[in-house]
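What follows is the content of upload-v8.cif, which has mmCIF, C-alpha atoms:
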data_run
loop_
_atom_site.group_PDB
_atom_site.id
_atom_site.type_symbol
_atom_site.label_atom_id
_atom_site.label_comp_id
_atom_site.auth_asym_id
_atom_site.auth_seq_id
_atom_site.Cartn_x
_atom_site.Cartn_y
_atom_site.Cartn_z
ATOM 1 C CA MET A 29 71.604 132.390 44.198
ATOM 2 C CA LYS A 30 74.968 133.826 45.190
ATOM 3 C CA GLU A 31 76.405 133.097 41.746
ATOM 4 C CA LYS A 32 73.446 134.761 40.003
ATOM 5 C CA LEU A 33 73.866 137.911 42.097
ATOM 6 C CA TYR A 34 77.584 137.891 41.353
ATOM 7 C CA LYS A 35 76.874 137.678 37.612
ATOM 8 C CA VAL A 36 74.380 140.532 37.791
ATOM 9 C CA PHE A 37 76.580 142.878 39.828
ATOM 10 C CA ASN A 38 79.791 141.956 38.023
ATOM 11 C CA ASN A 39 78.273 143.287 34.817
ATOM 12 C CA ASP A 40 79.238 146.785 33.609
ATOM 13 C CA THR A 41 75.605 147.849 33.401
ATOM 14 C CA ALA A 42 74.792 146.942 37.030
ATOM 15 C CA GLY A 43 75.650 150.420 38.325
ATOM 16 C CA GLY A 44 73.389 152.065 35.776
ATOM 17 C CA ILE A 45 70.546 149.673 36.532
ATOM 18 C CA LEU A 46 70.843 150.333 40.285
ATOM 19 C CA LEU A 47 70.906 154.073 39.649
ATOM 20 C CA ILE A 48 67.757 153.902 37.525
ATOM 21 C CA MET A 49 65.995 151.757 40.148
ATOM 22 C CA ALA A 50 66.950 154.167 42.939
ATOM 23 C CA THR A 51 65.741 157.112 40.847
ATOM 24 C CA LEU A 52 62.407 155.425 40.159
ATOM 25 C CA LEU A 53 61.998 154.568 43.840
ATOM 26 C CA ALA A 54 62.719 158.165 44.846
ATOM 27 C CA MET A 55 60.217 159.463 42.293
ATOM 28 C CA ILE A 56 57.551 157.100 43.598
ATOM 29 C CA ILE A 57 58.195 158.053 47.234
ATOM 30 C CA VAL A 58 58.108 161.787 46.460
ATOM 31 C CA ASN A 59 54.771 161.463 44.694
ATOM 32 C CA ILE A 60 53.048 159.508 47.471
ATOM 33 C CA PRO A 61 51.503 162.150 49.779
ATOM 34 C CA LEU A 62 52.008 160.016 52.881
ATOM 35 C CA LEU A 63 55.744 159.467 52.249
ATOM 36 C CA SER A 64 56.674 162.814 50.702
ATOM 37 C CA PRO A 65 57.265 164.638 54.027
ATOM 38 C CA PHE A 66 59.583 161.830 55.162
ATOM 39 C CA TYR A 67 61.628 162.180 51.965
ATOM 40 C CA ASP A 68 61.807 165.963 52.341
ATOM 41 C CA LYS A 69 62.994 165.630 55.939
ATOM 42 C CA LEU A 70 65.547 163.010 54.933
ATOM 43 C CA ILE A 71 67.222 165.037 52.179
ATOM 44 C CA THR A 72 67.231 168.258 54.214
ATOM 45 C CA MET A 73 68.583 166.571 57.358
ATOM 46 C CA PRO A 74 71.724 168.441 58.451
ATOM 47 C CA ILE A 75 74.964 166.495 58.723
ATOM 48 C CA GLU A 76 77.841 168.236 60.461
ATOM 49 C CA ILE A 77 81.570 167.701 60.810
ATOM 50 C CA TRP A 78 83.270 169.492 63.704
ATOM 51 C CA VAL A 79 87.003 169.853 64.155
ATOM 52 C CA GLY A 80 87.691 172.164 67.061
ATOM 53 C CA ASP A 81 85.972 175.460 66.273
ATOM 54 C CA PHE A 82 85.616 174.594 62.598
ATOM 55 C CA GLU A 83 82.175 173.347 61.632
ATOM 56 C CA LEU A 84 81.122 172.091 58.217
ATOM 57 C CA ALA A 85 77.358 171.599 58.004
ATOM 58 C CA ASN A 86 75.361 170.707 54.929
ATOM 59 C CA SER A 87 72.187 168.825 54.174
ATOM 60 C CA LEU A 88 72.283 165.142 53.314
ATOM 61 C CA LEU A 89 71.452 166.048 49.714
ATOM 62 C CA LEU A 90 74.585 168.208 49.373
ATOM 63 C CA TRP A 91 76.827 165.602 51.031
ATOM 64 C CA VAL A 92 75.522 162.875 48.743
ATOM 65 C CA ASN A 93 75.843 165.034 45.626
ATOM 66 C CA ASP A 94 79.400 166.150 46.398
ATOM 67 C CA GLY A 95 80.528 162.750 47.681
ATOM 68 C CA LEU A 96 79.089 160.735 44.823
ATOM 69 C CA MET A 97 80.456 163.141 42.242
ATOM 70 C CA ALA A 98 83.940 162.894 43.762
ATOM 71 C CA ILE A 99 83.799 159.087 43.878
ATOM 72 C CA PHE A 100 82.430 158.902 40.337
ATOM 73 C CA PHE A 101 85.138 161.084 38.803
ATOM 74 C CA LEU A 102 87.905 159.391 40.785
ATOM 75 C CA ALA A 103 86.683 155.956 39.651
ATOM 76 C CA LEU A 104 86.363 157.197 36.074
ATOM 77 C CA ARG A 105 89.897 158.516 36.132
ATOM 78 C CA TYR A 106 91.310 155.273 37.581
ATOM 79 C CA ARG A 107 89.440 153.240 35.008
ATOM 80 C CA ARG A 108 90.924 155.366 32.220
ATOM 81 C CA ILE A 109 94.402 155.060 33.713
ATOM 82 C CA LEU A 110 94.173 151.315 34.276
ATOM 83 C CA GLY A 111 92.717 150.711 30.832
ATOM 84 C CA SER A 112 95.583 152.498 29.106
ATOM 85 C CA GLN A 113 98.452 150.836 30.957
ATOM 86 C CA THR A 114 100.143 147.460 30.707
ATOM 87 C CA ILE A 115 101.751 145.605 33.588
ATOM 88 C CA THR A 116 105.242 146.501 32.350
ATOM 89 C CA GLN A 117 104.426 150.191 32.728
ATOM 90 C CA HIS A 118 103.718 149.925 36.463
ATOM 91 C CA LYS A 119 106.044 152.801 37.402
ATOM 92 C CA GLY A 120 104.165 155.213 35.169
ATOM 93 C CA LEU A 121 100.884 153.810 36.469
ATOM 94 C CA THR A 122 101.938 154.445 40.069
ATOM 95 C CA VAL A 123 102.894 158.030 39.245
ATOM 96 C CA MET A 124 99.581 158.592 37.461
ATOM 97 C CA MET A 125 97.595 157.175 40.393
ATOM 98 C CA LEU A 126 99.527 159.291 42.869
ATOM 99 C CA ASN A 127 98.815 162.340 40.700
ATOM 100 C CA SER A 128 95.117 161.452 40.738
ATOM 101 C CA ILE A 129 95.132 161.167 44.527
ATOM 102 C CA ARG A 130 96.958 164.501 44.720
ATOM 103 C CA ASP A 131 94.392 166.140 42.447
ATOM 104 C CA CYS A 132 91.497 164.790 44.526
ATOM 105 C CA THR A 133 93.177 165.906 47.737
ATOM 106 C CA ASN A 134 93.716 169.373 46.287
ATOM 107 C CA SER A 135 90.060 169.560 45.269
ATOM 108 C CA LEU A 136 89.035 168.504 48.766
ATOM 109 C CA LEU A 137 91.284 171.124 50.357
ATOM 110 C CA VAL A 138 89.886 173.818 48.056
ATOM 111 C CA GLU A 139 86.325 172.778 48.999
ATOM 112 C CA PHE A 140 87.102 172.895 52.745
ATOM 113 C CA GLY A 141 88.952 176.186 52.310
ATOM 114 C CA TYR A 142 85.967 177.657 50.496
ATOM 115 C CA HIS A 143 83.580 176.635 53.268
ATOM 116 C CA LEU A 144 85.986 177.856 55.952
ATOM 117 C CA LEU A 145 86.306 181.217 54.191
ATOM 118 C CA LEU A 146 82.506 181.472 53.983
ATOM 119 C CA LYS A 147 82.256 180.810 57.725
ATOM 120 C CA ILE A 148 84.867 183.473 58.481
ATOM 121 C CA ILE A 149 83.208 186.017 56.191
ATOM 122 C CA THR A 150 79.765 185.435 57.679
ATOM 123 C CA ARG A 151 81.135 185.982 61.213
ATOM 124 C CA ILE A 152 82.666 189.349 60.301
ATOM 125 C CA LYS A 153 80.086 192.113 60.704
ATOM 126 C CA ILE A 154 80.454 194.780 58.065
#
Let me see the structure of the file written as structure tokens.
Amino acid sequence: MKEKLYKVFNNDTAGGILLIMATLLAMIIVNIPLLSPFYDKLITMPIEIWVGDFELANSLLLWVNDGLMAIFFLALRYRRILGSQTITQHKGLTVMMLNSIRDCTNSLLVEFGYHLLLKIITRIKI
């Protein structure tokens, strides 16, 4: 059983299959009147991060969308980098990976800065 699961999830199409199954499950749950309110409450549930006076609050839907998009594009970039390099080019590979991490960190800082600026602007009464 363990080997069969390993074969299934080691396949390149496993991620796509899981995504399709999760989408179908979500569509079924949304269209069942008894379960629909639970789904609506789940995706609109607020999740907050507090650091001192700084608060970043979004719904679960926004966190999942932003987080999964970031992970997807980072993984896509690493796959492209790793696929184009040989073992003898490990110095260039390290530089490229560090550049990718820098780019993701910059994107994260821009996102936090944007939300922080929105919080500051909304507190100022004009």
Give me, as a Markdown table, the closest atom pair and its distance (Å, one decimal) for every residue of stretch 82-109 of chain A within a cut-off of 10 Å of stretch 66-71 of chain A, counting only C-alpha atoms, rows sorted by chain and rising number.
| residue | atom | partner | partner_atom | distance |
| --- | --- | --- | --- | --- |
| A:Ser87 | CA | A:Ile71 | CA | 6.6 |
| A:Leu88 | CA | A:Ile71 | CA | 5.2 |
| A:Leu89 | CA | A:Ile71 | CA | 5.0 |
| A:Leu90 | CA | A:Ile71 | CA | 8.5 |
| A:Trp91 | CA | A:Ile71 | CA | 9.7 |
| A:Val92 | CA | A:Ile71 | CA | 9.2 |
### Query
Do you know which residues the PyMOL selection byres ((chain A and resi 128-144) around 9) returns on this file, as a VMD selection string?
chain A and resid 82 to 84 98 102 105 to 106 123 to 127 145 to 149
### Task
Grab the atom CA of A:Gly95 to atom CA of A:Ile75 distance for me, in Å with one decimal place.
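Those two atoms sit 12.9 Å apart.
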### Message
Could you tell me how far atom CA of A:Lys35 sits from atom CA of A:Leu53, in Å to one decimal place?
### Response
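Rounded to one decimal, the two atoms are 23.4 Å apart.
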### Query
Can you tell me how far atom CA of A:Ala103 sits from atom CA of A:Thr41, in Å to one decimal?
15.1 Å
